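Engineer: Input: one structure, supplied below.
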2 protein chains.
Amino acid sequence: MAENRINLAESQLPTAWFNIVPSLPQPPGPPLHPGTGEPVGPDDLAPLFPMALIGQEVSTDEWVDIPGEVLDVLRLWRPTPLVRARRLEEALGTPARIYYKDESVSPAGSHKPNTAVPQAFYNKVEGITRISTETGAGQWGSSMALACQLFGLECQVYMVAASYRQKPYRRVMMETWGGAVVPSPSELTETGRGFLAQDRDHPGSLGLAISEAIEDAVGRDDTHYCLGSVLNHVLLHQSVIGLEARDQLRVAGEDGPDVVIGSCGGGSNLAGIALPFAKDKIDGAPIRLVAVEPTSCPTLTEGKFEYDFGDVAGMTPRLEMFTLGHDFVPPAIHAGGLRYHGDAPIICSLVHSGLMEAAAYPQGKVFEAAVQFARTQGTIPAPETSHAVRAAIDEALAAKESGEEKVILFNYSGHGLLDLAAYDDYLHDRLVDA
Amino acid sequence: MAENRINLAESQLPTAWFNIVPSLPQPPGPPLHPGTGEPVGPDDLAPLFPMALIGQEVSTDEWVDIPGEVLDVLRLWRPTPLVRARRLEEALGTPARIYYKDESVSPAGSHKPNTAVPQAFYNKVEGITRISTETGAGQWGSSMALACQLFGLECQVYMVAASYRQKPYRRVMMETWGGAVVPSPSELTETGRGFLAQDRDHPGSLGLAISEAIEDAVGRDDTHYCLGSVLNHVLLHQSVIGLEARDQLRVAGEDGPDVVIGSCGGGSNLAGIALPFAKDKIDGAPIRLVAVEPTSCPTLTEGKFEYDFGDVAGMTPRLEMFTLGHDFVPPAIHAGGLRYHGDAPIICSLVHSGLMEAAAYPQGKVFEAAVQFARTQGTIPAPETSHAVRAAIDEALAAKESGEEKVILFNYSGHGLLDLAAYDDYLHDRLVDA
C-alpha cells in the first residue's frame, strides 16, 4: 500500500523563496503614503522594518535565497508532511485524490512561523534587539515570540484585550517562549493610555493593537515592528509551503494538482500553497486556484478592488486590493484569522486577473466539514483551516458527480487544539451561522 | 548538516508487537481475584475484554502480529519521528546526543492511541459495538473516542466530574470524535446514582469512574471495557515506540542508546520506549533504563513491592507491583497522568530485578526543564512528559561533567497544548512545588 504521508528529507527543504511578482500579468500598484498619497519609499518604512525586508517587499527577483540561519530554524519542523487523505476520500466515495500540506506541525501549530523566523533573523542581523507586534487571538503573537526566543530577541506583544481575558492559552504560549504580553489598550503607549483613560475595561481591537505596536517600534531605536500577513515579503516567506508540496506531489507520482485550495484572511497561508502553482498556471498549466473566505467577511467575493488602508484607523499606507472598507466590522465568527476587511495585494491581483477563484462559506457548513475531517483523518483542524477543508470536500464531491480522478491539494494551515471551544459551540448547536 | 528528525517510511512500521514477558528473569505473579484470592482466569475477564486481548494479557510469545486493519489506522501518524534535540544540547553545552521519540504527533496528542486502536479493533472483530471507559483529565478517553470512531464503535466515557467541569477541552475532543461523555458520578449506573444521591455536586474520582465504566460493560452484551495503562496487553501495544526508535537510532548512525528514559504513571509510555531495549539489556547490552515519577507520587522509589488492588475501591484483581497503597491519594499536581498509586506489573518486575532504575522529581524542577525545552526545541511538552525531559537534561549535564559522549533517548509522550494552564501557574509563581 502506498504511503499516506510524503516526507521530504531536511536536505530537500527549499533553499530559496519564490516570488510571484515578476510573473504577474497585473502586479499590484505601489503602497501609497496615508498622508501624502505618494508611493511609499524605503525611508518611510525604515523606522519599522530592516532594509533586507524592505528590499524583499519591492523585489522583482523570481528567487530570493533563504539564509542558512533561517533554514537551521525552519528545519525544526520543516519540510512538513504532505498527507493523502485516504479515509476522507473513502468516506466521500470520491474518485478524487485529496492531499493536504500539514503546516500544523510547527511548534506554534500553524504556518505563521515560516515568516516569523526570517523576520526575526533579518532584524537581528541589523542590530535590532527587540520586536513589537500585535496579535488578536494569539496565533501570530505566539509565532513571533517563538522566533524571537530562537534568535535571542525580546518580543513585546500587544494582545487585543478581549482575547487576552477570554482566551488565555495562546498568551501562556507566548510567555512560555519568553514573550512579554500586555492587553491592548495598554499603559505602555500614548495611544493605549488615551483609550484606557476613557475606559479602563476597553476590549481593544486589532487596529488599536497595531497602532500601539507601531508607536512602540517608532519610539525606540532598539525595536522594530513585525506583521504576520498581507505584505509581499510575508507571502514570499510562505512560498516554502507550495515549493515543498510541488516536490512531494511528484514523489507521490502525481503530474500536479488540478485544484489548489487555501483559506484566505490576510492571504499568507493561501499564498504559501498557491503561488508556486500560480506560476505554473501563468505558464499554461490547467490548474485552478481557489481562495476560501467566510460569507461573513466576503472580501474577495463581494469587496471592491481599490486602494484602501490596511488598518481600521487609517494609519498604514493604502494598498491596492479587494476591500470591504477599512471600517468594516465582521461578525465575531470563530475563524478570527479570516476577519480582515482586505487581502494581500498579490492575492487580490491574482483574483482581479482571473487567475484565482474565490468562494465563501457560512461557518455552520465549515464546521460540518471540520468534524467530518476529524472523524475520518483523526486530526482536528483550526476554524480558519476548516474553510479550506470545506472547499476541498466540495471539490471531491463534484468530482464524484462528474467521475473525474481529480487531484485536490489544500493547505492544512493549522490545528484546532486551542479552538476547541468553537467545536463545543458547533456540537451543541450554539454556533451562530453567520 | 545531518538531519534533526529521522522519519521512517510507513512500510517500516513494525508488523509485530514485542512482548518482554518471556525474557523477564522474574515475571510478574498472576493477577489474583479480588474476592477469592485465586489467580484470575479467562472466564473472569470475558465480560470485560475480548478473548484476543485476554490471550495477549497472558501471552508468553515474544512477538505478536499486528493485524493489517490496525496497521492501516496507526499509519495515520506512525512511524513517529525520532528527533535529535540539537538546540537543547547546545544550550546545555553537553557532549551527549539527546534523541526523543515524538509521540505527540498522534491526533490525540499522545502515545495513548497506540493501544486504543488495537483495543477497539479486537472488540469490533468479536462483535462488540460499544465501549465503556473512564478518563481523568481526558487523555485516555479522547484516544479511545478516536479509536472507536475509526472502527465505527460507540464510545461511552465516564469522565471524573471535577475535570469535566474544569477542563472542558478534552471533553470537546471526545465529542468531536463522536464519543458520549458524562461526568462521573453519573445517572447511567447504579454506582453513580448512589453517589449522586448523597451529593449532587460530587467531584468524582478515577476509582469511581472505573467502577461506573465496568458496571456499564458488565450490564450490557453489546459493550466491553477498555483500560489505557498498567495491563500487559496495553504495554505490548506500546512496544511499537521502542521498536521504531531502535531502527531510527540505527539510521542516525548510533550503535544504540546508553540510557533510555520515560515518565511513569501507570507505565505504558515508559514501557513503549523501554521494553525492546530491556531485552537488549537482559542479553548483555550496557544500557540504563530510567523510570521518572513525581516525588509527590513516588511509587517506584518509595512504594512496597507486594500484591495490591489496581483501583481505589478494591474491585479489580490484585496485581504484583510497587504500590503506595490503593488508598493513597497523591497531591493534585499538574501531571495528572502520573498520579497512580501502583505501576504496571511488568515495569515493577524490571525495577524489582534491578534492570530498571527509578528517579523522582518535584514539579517545580520538572517545569523548569519543560520551559528550557520549549525555548530551545520549540515544542511545549505535556507535564507528564516533562518528567522525562527533566531526567534527560540531568543525564546530559552529568555527561558534560564527565565528558562522556553519551546517547540519551527519551519518550516525548505528549504535547502540552491542552495543559497550558499548568505553564501559566509555573511562569507566574503559582505552582505548588509538591
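Chain labels A, B, ... are given in the sequence in which chains occur in the C-alpha cells; within each chain residues are numbered consecutively from 1, and ligands are likewise numbered from 1 in the order shown.
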When the cut-off is 7 Å and we count only C-alpha atoms, which residues of chain B are near chain A, given as JSON, numbers by chain?
Structural biologist: {"B": [3, 4, 10, 76, 107, 146, 149, 150, 169, 172, 176, 177, 371, 374, 375, 376, 378, 379, 420, 423, 424]}
Engineer: If we count only C-alpha atoms, what is near A:Lys304 at a cut-off of 7 Å, once residues fewer than 2 positions away on the same chain are taken out, given as a CSV table (one decimal) with N, CA, C and O atoms, in the first residue's frame?
Structural biologist:
```
chain,number,residue,atom,x,y,z
A,302,GLU,N,-17.1,39.8,-2.6
A,302,GLU,CA,-18.1,40.9,-2.6
A,302,GLU,C,-17.4,42.3,-2.4
A,302,GLU,O,-18.1,43.3,-2.5
A,306,GLU,N,-9.9,48.4,-5.0
A,306,GLU,CA,-9.5,49.8,-5.0
A,306,GLU,C,-8.4,50.0,-3.9
A,306,GLU,O,-8.1,49.1,-3.1
A,322,PHE,N,-8.8,44.1,-3.0
A,322,PHE,CA,-10.2,44.0,-2.7
A,322,PHE,C,-10.5,44.3,-1.3
A,322,PHE,O,-9.7,43.9,-0.4
A,323,THR,N,-11.5,45.1,-1.0
A,323,THR,CA,-11.7,45.6,0.4
A,323,THR,C,-13.2,45.7,0.6
A,323,THR,O,-14.0,46.1,-0.3
A,324,LEU,N,-13.6,45.5,1.8
A,324,LEU,CA,-15.0,45.7,2.3
A,324,LEU,C,-15.1,47.1,2.9
A,324,LEU,O,-16.1,47.5,3.5
```
Engineer: Between A:His237, A:Tyr100, A:Tyr158, A:Pro113, which one has atoms that come closest to A:Asn19, using only C-alpha atoms?
Structural biologist: A:His237
Engineer: From a DSSP calculation on the backbone, collect every residue of stretch 110-263 of chain A in alpha helix (DSSP H) and output the set as number ranges by chain.
Structural biologist: A: 113-125, 139-151, 161-166, 168-176, 190-198, 206-218, 232-238, 240-251
Engineer: So which residues of stretch 170-406 of chain A fall under strand (DSSP E or B) by DSSP, listed as a PyMOL selection string?
Structural biologist: chain A and resi 180-184+223-225+259-263+288-294+304-309+318-323+357-361+381
Engineer: With N, CA and C atoms retained, write the just-selected residues as a compact mmCIF listing (two decimals), in the first residue's frame.
Structural biologist:
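Everything below was put into result_11.txt:
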```
# COMPACT_ATOMS: atom_id res chain seq x y z
N ALA A 180 6.83 39.00 26.16
CA ALA A 180 6.11 39.86 27.11
C ALA A 180 4.79 40.24 26.46
N VAL A 181 3.70 39.96 27.15
CA VAL A 181 2.37 40.16 26.56
C VAL A 181 1.58 41.12 27.44
N VAL A 182 1.02 42.17 26.82
CA VAL A 182 0.12 43.06 27.56
C VAL A 182 -1.21 43.13 26.82
N PRO A 183 -2.29 43.31 27.60
CA PRO A 183 -3.58 43.52 26.93
C PRO A 183 -3.56 44.91 26.30
N SER A 184 -4.12 45.00 25.09
CA SER A 184 -4.21 46.29 24.39
C SER A 184 -5.67 46.74 24.39
N THR A 223 14.09 48.77 18.64
CA THR A 223 12.88 48.00 18.36
C THR A 223 12.38 48.19 16.93
N HIS A 224 11.98 47.11 16.29
CA HIS A 224 11.26 47.14 15.02
C HIS A 224 9.91 46.46 15.19
N TYR A 225 9.12 46.61 14.12
CA TYR A 225 7.75 46.09 14.11
C TYR A 225 7.66 44.92 13.14
N VAL A 259 -6.50 21.25 -8.66
CA VAL A 259 -7.02 22.41 -7.94
C VAL A 259 -6.23 22.58 -6.65
N VAL A 260 -5.90 23.84 -6.34
CA VAL A 260 -5.14 24.19 -5.13
C VAL A 260 -6.00 25.13 -4.30
N ILE A 261 -6.18 24.79 -3.01
CA ILE A 261 -7.14 25.49 -2.16
C ILE A 261 -6.49 25.99 -0.89
N GLY A 262 -6.81 27.22 -0.52
CA GLY A 262 -6.36 27.74 0.77
C GLY A 262 -7.39 28.69 1.34
N SER A 263 -7.51 28.72 2.67
CA SER A 263 -8.38 29.70 3.30
C SER A 263 -7.70 31.07 3.20
N ARG A 288 -6.56 25.04 -11.26
CA ARG A 288 -7.45 26.03 -10.65
C ARG A 288 -6.92 26.39 -9.28
N LEU A 289 -6.94 27.68 -8.95
CA LEU A 289 -6.51 28.15 -7.64
C LEU A 289 -7.75 28.73 -6.95
N VAL A 290 -8.00 28.31 -5.69
CA VAL A 290 -9.23 28.71 -5.03
C VAL A 290 -8.94 29.31 -3.65
N ALA A 291 -9.39 30.55 -3.46
CA ALA A 291 -9.34 31.22 -2.15
C ALA A 291 -10.68 31.01 -1.46
N VAL A 292 -10.64 30.64 -0.17
CA VAL A 292 -11.88 30.38 0.56
C VAL A 292 -12.00 31.34 1.73
N GLU A 293 -13.13 32.03 1.78
CA GLU A 293 -13.32 33.02 2.84
C GLU A 293 -14.68 32.81 3.50
N PRO A 294 -14.90 33.43 4.67
CA PRO A 294 -16.21 33.31 5.31
C PRO A 294 -17.23 34.22 4.63
N LYS A 304 -14.73 45.57 -3.09
CA LYS A 304 -14.37 46.40 -4.26
C LYS A 304 -12.86 46.37 -4.45
N PHE A 305 -12.40 46.38 -5.70
CA PHE A 305 -10.97 46.42 -5.99
C PHE A 305 -10.55 47.88 -6.06
N GLU A 306 -9.88 48.36 -5.02
CA GLU A 306 -9.48 49.77 -4.97
C GLU A 306 -8.41 49.97 -3.90
N TYR A 307 -7.83 51.15 -3.84
CA TYR A 307 -6.87 51.46 -2.77
C TYR A 307 -7.62 51.66 -1.46
N ASP A 308 -7.10 51.01 -0.38
CA ASP A 308 -7.69 51.23 0.94
C ASP A 308 -6.60 51.08 1.99
N PHE A 309 -6.89 51.58 3.18
CA PHE A 309 -5.96 51.43 4.30
C PHE A 309 -5.92 49.97 4.76
N ARG A 318 -1.91 53.02 2.08
CA ARG A 318 -3.05 52.44 1.37
C ARG A 318 -2.53 51.41 0.36
N LEU A 319 -3.25 50.29 0.27
CA LEU A 319 -2.84 49.19 -0.59
C LEU A 319 -3.90 48.95 -1.65
N GLU A 320 -3.45 48.49 -2.83
CA GLU A 320 -4.41 48.17 -3.89
C GLU A 320 -4.90 46.75 -3.67
N MET A 321 -6.19 46.64 -3.36
CA MET A 321 -6.72 45.32 -3.00
C MET A 321 -8.24 45.29 -3.09
N PHE A 322 -8.80 44.06 -2.98
CA PHE A 322 -10.23 43.95 -2.74
C PHE A 322 -10.46 44.33 -1.28
N THR A 323 -11.47 45.13 -1.03
CA THR A 323 -11.73 45.56 0.35
C THR A 323 -13.22 45.75 0.60
N GLU A 357 -9.77 31.86 -8.27
CA GLU A 357 -11.19 31.96 -7.94
C GLU A 357 -11.35 32.25 -6.46
N ALA A 358 -12.54 32.68 -6.07
CA ALA A 358 -12.83 32.85 -4.65
C ALA A 358 -14.19 32.23 -4.35
N ALA A 359 -14.28 31.60 -3.17
CA ALA A 359 -15.54 31.01 -2.72
C ALA A 359 -15.75 31.43 -1.27
N ALA A 360 -17.02 31.51 -0.85
CA ALA A 360 -17.33 31.90 0.53
C ALA A 360 -18.29 30.90 1.14
N TYR A 361 -18.07 30.59 2.42
CA TYR A 361 -18.93 29.63 3.14
C TYR A 361 -19.36 30.19 4.49
N PRO A 381 -8.93 20.27 12.67
CA PRO A 381 -8.39 21.48 12.04
C PRO A 381 -8.83 22.77 12.73
```
Engineer: Could you name the residues that touch B:Tyr340 at 12 Å or less, counting only C-alpha atoms, but leaving out those on the same chain fewer than 6 positions away, as a short mmCIF file (atom, residue, chain, number, x, y, z; two decimals) with N, CA, C and O atoms, in the first residue's frame?
Structural biologist:
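And here is the file that came out, selection.cif:
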```cif
data_model
loop_
_atom_site.label_atom_id
_atom_site.label_comp_id
_atom_site.auth_asym_id
_atom_site.auth_seq_id
_atom_site.Cartn_x
_atom_site.Cartn_y
_atom_site.Cartn_z
N GLY B 136 -9.65 10.60 33.36
CA GLY B 136 -9.46 11.66 34.34
C GLY B 136 -9.57 12.99 33.61
O GLY B 136 -10.66 13.49 33.35
N SER B 205 -13.95 10.67 41.13
CA SER B 205 -12.55 10.25 41.25
C SER B 205 -12.32 9.21 40.17
O SER B 205 -13.28 8.65 39.60
N LEU B 206 -11.05 8.92 39.88
CA LEU B 206 -10.77 7.93 38.84
C LEU B 206 -11.31 6.56 39.26
O LEU B 206 -11.89 5.84 38.45
N GLY B 207 -11.15 6.22 40.54
CA GLY B 207 -11.65 4.94 41.03
C GLY B 207 -13.15 4.79 40.82
O GLY B 207 -13.64 3.75 40.38
N SER B 229 -3.71 1.74 30.53
CA SER B 229 -2.34 1.53 31.01
C SER B 229 -2.29 0.27 31.86
O SER B 229 -3.24 -0.53 31.87
N VAL B 230 -1.19 0.05 32.52
CA VAL B 230 -0.98 -0.98 33.56
C VAL B 230 -0.95 -2.42 33.03
O VAL B 230 -0.01 -3.17 33.32
N CYS B 264 6.72 7.83 34.25
CA CYS B 264 5.98 6.65 34.66
C CYS B 264 4.80 7.00 35.56
O CYS B 264 4.98 7.53 36.64
N GLY B 265 3.59 6.73 35.04
CA GLY B 265 2.38 6.87 35.84
C GLY B 265 1.83 5.47 36.05
O GLY B 265 2.06 4.84 37.07
N GLY B 266 1.16 4.93 35.01
CA GLY B 266 0.78 3.53 35.02
C GLY B 266 1.89 2.69 34.38
O GLY B 266 1.99 1.50 34.61
N GLY B 267 2.68 3.34 33.53
CA GLY B 267 3.84 2.67 32.95
C GLY B 267 3.81 2.44 31.46
O GLY B 267 4.78 1.92 30.89
N GLU B 293 9.28 9.55 37.95
CA GLU B 293 7.98 9.78 38.57
C GLU B 293 8.01 11.05 39.40
O GLU B 293 9.07 11.61 39.66
N PRO B 294 6.84 11.56 39.80
CA PRO B 294 6.81 12.75 40.66
C PRO B 294 7.15 12.38 42.10
O PRO B 294 6.76 11.31 42.56
N SER B 296 5.81 13.51 44.51
CA SER B 296 4.54 13.50 45.25
C SER B 296 3.78 12.18 45.09
O SER B 296 2.80 11.96 45.78
N CYS B 297 4.22 11.34 44.16
CA CYS B 297 3.58 10.03 43.97
C CYS B 297 4.69 9.02 43.67
O CYS B 297 4.78 8.48 42.57
N PRO B 298 5.54 8.74 44.66
CA PRO B 298 6.81 8.03 44.42
C PRO B 298 6.67 6.51 44.48
O PRO B 298 7.30 5.86 45.29
N THR B 299 5.86 5.99 43.59
CA THR B 299 5.54 4.56 43.60
C THR B 299 6.78 3.67 43.56
O THR B 299 6.96 2.79 44.41
N LEU B 300 7.63 3.89 42.54
CA LEU B 300 8.78 3.00 42.35
C LEU B 300 9.91 3.33 43.33
O LEU B 300 10.67 2.44 43.71
N GLY B 303 7.54 3.02 47.12
CA GLY B 303 6.45 2.07 47.36
C GLY B 303 6.97 0.71 47.81
O GLY B 303 8.17 0.44 47.79
N PHE B 309 -4.58 -3.92 45.05
CA PHE B 309 -5.65 -3.65 44.08
C PHE B 309 -5.21 -2.58 43.08
O PHE B 309 -4.44 -1.68 43.41
N GLY B 310 -5.76 -2.66 41.88
CA GLY B 310 -5.46 -1.66 40.86
C GLY B 310 -6.26 -0.38 41.05
O GLY B 310 -5.88 0.67 40.52
N ASP B 311 -7.36 -0.45 41.77
CA ASP B 311 -8.23 0.71 41.93
C ASP B 311 -8.36 1.07 43.41
O ASP B 311 -7.91 0.33 44.29
N VAL B 312 -8.95 2.21 43.63
CA VAL B 312 -9.09 2.72 44.99
C VAL B 312 -10.10 1.89 45.78
O VAL B 312 -9.92 1.61 46.97
N MET B 321 2.99 -5.60 42.34
CA MET B 321 3.60 -4.35 41.87
C MET B 321 4.17 -3.53 43.04
O MET B 321 3.94 -3.86 44.19
N PHE B 322 4.92 -2.50 42.71
CA PHE B 322 5.24 -1.49 43.70
C PHE B 322 3.98 -0.66 43.92
O PHE B 322 3.31 -0.27 42.96
N THR B 323 3.66 -0.40 45.16
CA THR B 323 2.43 0.36 45.44
C THR B 323 2.61 1.23 46.68
O THR B 323 3.36 0.89 47.60
N LEU B 324 1.91 2.34 46.64
CA LEU B 324 1.86 3.23 47.81
C LEU B 324 0.63 2.93 48.65
O LEU B 324 0.33 3.65 49.61
N GLY B 325 -0.07 1.85 48.31
CA GLY B 325 -1.34 1.51 48.96
C GLY B 325 -2.48 2.03 48.10
O GLY B 325 -2.45 3.17 47.64
N HIS B 326 -3.50 1.17 47.88
CA HIS B 326 -4.54 1.56 46.92
C HIS B 326 -5.39 2.70 47.45
O HIS B 326 -6.18 3.28 46.71
N ASP B 327 -5.25 3.05 48.74
CA ASP B 327 -5.99 4.20 49.27
C ASP B 327 -5.14 5.47 49.31
O ASP B 327 -5.54 6.49 49.86
N PHE B 328 -3.92 5.40 48.71
CA PHE B 328 -3.04 6.58 48.68
C PHE B 328 -3.64 7.64 47.76
O PHE B 328 -4.02 7.35 46.62
N VAL B 329 -3.72 8.87 48.24
CA VAL B 329 -4.24 9.97 47.42
C VAL B 329 -3.13 11.00 47.21
O VAL B 329 -2.80 11.74 48.13
N PRO B 330 -2.53 11.02 46.01
CA PRO B 330 -1.43 11.97 45.77
C PRO B 330 -1.95 13.40 45.66
O PRO B 330 -3.12 13.62 45.35
N PRO B 331 -1.08 14.40 45.93
CA PRO B 331 -1.48 15.80 45.75
C PRO B 331 -1.89 16.07 44.30
O PRO B 331 -1.50 15.33 43.38
N ALA B 332 -2.66 17.14 44.11
CA ALA B 332 -3.19 17.45 42.78
C ALA B 332 -2.15 18.15 41.91
O ALA B 332 -2.32 19.28 41.49
N ILE B 333 -1.04 17.46 41.59
CA ILE B 333 -0.05 18.04 40.69
C ILE B 333 -0.61 18.09 39.28
O ILE B 333 -1.60 17.44 38.95
#
```
Engineer: Contacts of A:Gly68 at 12 Å or less, counting only C-alpha atoms, minus same-chain residues fewer than 6 places along, as a ChimeraX atom specification?
Structural biologist: /A:11,13-16,74-75,117-118,121-122 /B:1
Engineer: Can I get the selection written as a PDB file, in the first residue's frame, with N, CA and C atoms?
Structural biologist:
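Here's the written file result.pdb:
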```
ATOM      1  N   SER A  11      17.279  17.937   3.996  1.00  0.00           N
ATOM      2  CA  SER A  11      18.150  18.471   2.941  1.00  0.00           C
ATOM      3  C   SER A  11      17.355  18.882   1.706  1.00  0.00           C
ATOM      4  N   LEU A  13      14.588  20.691   1.911  1.00  0.00           N
ATOM      5  CA  LEU A  13      13.934  21.973   2.188  1.00  0.00           C
ATOM      6  C   LEU A  13      14.385  22.983   1.125  1.00  0.00           C
ATOM      7  N   PRO A  14      13.438  23.732   0.547  1.00  0.00           N
ATOM      8  CA  PRO A  14      13.848  24.728  -0.459  1.00  0.00           C
ATOM      9  C   PRO A  14      14.892  25.688   0.116  1.00  0.00           C
ATOM     10  N   THR A  15      15.850  26.079  -0.705  1.00  0.00           N
ATOM     11  CA  THR A  15      16.894  26.993  -0.238  1.00  0.00           C
ATOM     12  C   THR A  15      16.689  28.412  -0.774  1.00  0.00           C
ATOM     13  N   ALA A  16      15.598  28.592  -1.525  1.00  0.00           N
ATOM     14  CA  ALA A  16      15.242  29.948  -1.984  1.00  0.00           C
ATOM     15  C   ALA A  16      13.724  30.085  -1.936  1.00  0.00           C
ATOM     16  N   LEU A  74      14.035  26.645  10.544  1.00  0.00           N
ATOM     17  CA  LEU A  74      12.892  26.025   9.852  1.00  0.00           C
ATOM     18  C   LEU A  74      12.969  24.503   9.915  1.00  0.00           C
ATOM     19  N   ARG A  75      14.199  23.979   9.918  1.00  0.00           N
ATOM     20  CA  ARG A  75      14.378  22.522   9.971  1.00  0.00           C
ATOM     21  C   ARG A  75      13.888  21.891  11.266  1.00  0.00           C
ATOM     22  N   VAL A 117      10.148  33.571  11.587  1.00  0.00           N
ATOM     23  CA  VAL A 117      11.568  33.223  11.732  1.00  0.00           C
ATOM     24  C   VAL A 117      12.462  34.125  10.880  1.00  0.00           C
ATOM     25  N   PRO A 118      12.226  34.250   9.569  1.00  0.00           N
ATOM     26  CA  PRO A 118      13.093  35.171   8.817  1.00  0.00           C
ATOM     27  C   PRO A 118      12.940  36.628   9.254  1.00  0.00           C
ATOM     28  N   PHE A 121      15.151  36.982  12.156  1.00  0.00           N
ATOM     29  CA  PHE A 121      16.551  36.887  11.725  1.00  0.00           C
ATOM     30  C   PHE A 121      17.058  38.193  11.115  1.00  0.00           C
ATOM     31  N   TYR A 122      16.323  38.726  10.135  1.00  0.00           N
ATOM     32  CA  TYR A 122      16.808  39.935   9.454  1.00  0.00           C
ATOM     33  C   TYR A 122      16.890  41.120  10.410  1.00  0.00           C
TER      34      TYR A 122
ATOM     35  N   MET B   1      24.777  19.211   6.771  1.00  0.00           N
ATOM     36  CA  MET B   1      24.391  19.001   8.173  1.00  0.00           C
ATOM     37  C   MET B   1      23.445  17.809   8.273  1.00  0.00           C
TER      38      MET B   1
END
```
Engineer: Considering only C-alpha atoms, can you say which of A:Ala116, A:Cys155, A:Ala344, A:Ile408 comes closest to A:Met174?
Structural biologist: A:Cys155
Engineer: What's the 12 Å shell around A:Arg200, counting only C-alpha atoms, without same-chain residues fewer than 3 positions away, as a ChimeraX atom specification?
Structural biologist: /A:161,183-187,192-197,203-204
Engineer: Write the residues you've just listed into a file as a PDB file, in the first residue's frame, and include N, CA, C and O atoms for each of them.
Structural biologist:
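In the end it all went to out-v6.pdb:
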```pdb
ATOM      1  N   ALA A 161      -7.354  43.144  24.085  1.00  0.00           N
ATOM      2  CA  ALA A 161      -7.707  42.912  25.492  1.00  0.00           C
ATOM      3  C   ALA A 161      -8.806  41.865  25.666  1.00  0.00           C
ATOM      4  O   ALA A 161      -8.741  41.031  26.578  1.00  0.00           O
ATOM      5  N   PRO A 183      -2.293  43.305  27.600  1.00  0.00           N
ATOM      6  CA  PRO A 183      -3.580  43.523  26.931  1.00  0.00           C
ATOM      7  C   PRO A 183      -3.565  44.906  26.295  1.00  0.00           C
ATOM      8  O   PRO A 183      -3.027  45.853  26.877  1.00  0.00           O
ATOM      9  N   SER A 184      -4.120  44.997  25.090  1.00  0.00           N
ATOM     10  CA  SER A 184      -4.214  46.289  24.395  1.00  0.00           C
ATOM     11  C   SER A 184      -5.665  46.743  24.390  1.00  0.00           C
ATOM     12  O   SER A 184      -6.537  45.954  24.017  1.00  0.00           O
ATOM     13  N   PRO A 185      -5.963  47.976  24.813  1.00  0.00           N
ATOM     14  CA  PRO A 185      -5.041  49.075  25.089  1.00  0.00           C
ATOM     15  C   PRO A 185      -4.244  48.859  26.379  1.00  0.00           C
ATOM     16  O   PRO A 185      -4.739  48.295  27.330  1.00  0.00           O
ATOM     17  N   SER A 186      -2.981  49.368  26.336  1.00  0.00           N
ATOM     18  CA  SER A 186      -2.059  49.181  27.454  1.00  0.00           C
ATOM     19  C   SER A 186      -1.554  50.526  27.967  1.00  0.00           C
ATOM     20  O   SER A 186      -1.738  51.563  27.327  1.00  0.00           O
ATOM     21  N   GLU A 187      -0.865  50.464  29.095  1.00  0.00           N
ATOM     22  CA  GLU A 187      -0.232  51.665  29.655  1.00  0.00           C
ATOM     23  C   GLU A 187       1.114  51.956  28.985  1.00  0.00           C
ATOM     24  O   GLU A 187       1.759  52.951  29.295  1.00  0.00           O
ATOM     25  N   GLY A 192      -2.448  53.771  23.851  1.00  0.00           N
ATOM     26  CA  GLY A 192      -3.119  52.895  24.805  1.00  0.00           C
ATOM     27  C   GLY A 192      -3.620  53.660  26.014  1.00  0.00           C
ATOM     28  O   GLY A 192      -4.778  53.483  26.438  1.00  0.00           O
ATOM     29  N   ARG A 193      -2.757  54.536  26.546  1.00  0.00           N
ATOM     30  CA  ARG A 193      -3.155  55.306  27.727  1.00  0.00           C
ATOM     31  C   ARG A 193      -4.377  56.183  27.439  1.00  0.00           C
ATOM     32  O   ARG A 193      -5.259  56.331  28.283  1.00  0.00           O
ATOM     33  N   GLY A 194      -4.435  56.696  26.219  1.00  0.00           N
ATOM     34  CA  GLY A 194      -5.577  57.522  25.837  1.00  0.00           C
ATOM     35  C   GLY A 194      -6.886  56.743  25.892  1.00  0.00           C
ATOM     36  O   GLY A 194      -7.883  57.207  26.453  1.00  0.00           O
ATOM     37  N   PHE A 195      -6.861  55.538  25.329  1.00  0.00           N
ATOM     38  CA  PHE A 195      -8.081  54.724  25.340  1.00  0.00           C
ATOM     39  C   PHE A 195      -8.439  54.276  26.759  1.00  0.00           C
ATOM     40  O   PHE A 195      -9.607  54.227  27.130  1.00  0.00           O
ATOM     41  N   LEU A 196      -7.402  53.934  27.551  1.00  0.00           N
ATOM     42  CA  LEU A 196      -7.662  53.487  28.928  1.00  0.00           C
ATOM     43  C   LEU A 196      -8.247  54.614  29.780  1.00  0.00           C
ATOM     44  O   LEU A 196      -9.039  54.372  30.688  1.00  0.00           O
ATOM     45  N   ALA A 197      -7.828  55.860  29.462  1.00  0.00           N
ATOM     46  CA  ALA A 197      -8.357  56.995  30.219  1.00  0.00           C
ATOM     47  C   ALA A 197      -9.865  57.119  30.016  1.00  0.00           C
ATOM     48  O   ALA A 197     -10.600  57.504  30.923  1.00  0.00           O
ATOM     49  N   PRO A 203     -12.250  46.828  25.448  1.00  0.00           N
ATOM     50  CA  PRO A 203     -11.983  45.481  24.925  1.00  0.00           C
ATOM     51  C   PRO A 203     -10.864  45.438  23.884  1.00  0.00           C
ATOM     52  O   PRO A 203     -10.371  44.361  23.558  1.00  0.00           O
ATOM     53  N   GLY A 204     -10.472  46.614  23.361  1.00  0.00           N
ATOM     54  CA  GLY A 204      -9.419  46.641  22.347  1.00  0.00           C
ATOM     55  C   GLY A 204      -9.907  46.183  20.993  1.00  0.00           C
ATOM     56  O   GLY A 204     -11.068  45.791  20.818  1.00  0.00           O
TER      57      GLY A 204
END
```
Engineer: Within 10 Å of A:Lys365, counting only C-alpha atoms, which residues qualify if same-chain residues fewer than 4 places away don't, as a ChimeraX atom specification?
Structural biologist: /A:361,369-370,386-387,390-391,433
Engineer: Excluding B:Ile131 and residues on its chain fewer than 5 positions from it, collect all residues at most 10 Å away from it, counting only C-alpha atoms, and give them as a list of chain:residue names.
Structural biologist: B:Leu48, B:Gln119, B:Ala120, B:Asn123, B:Lys124, B:Met144, B:Ala145, B:Cys148, B:Leu153, B:Glu154, B:Cys155, B:Gln156, B:Val157, B:Gly179, B:Ala213, B:Asp216, B:Ala217, B:Asp222, B:Thr223, B:His224, B:Tyr225, B:Cys226
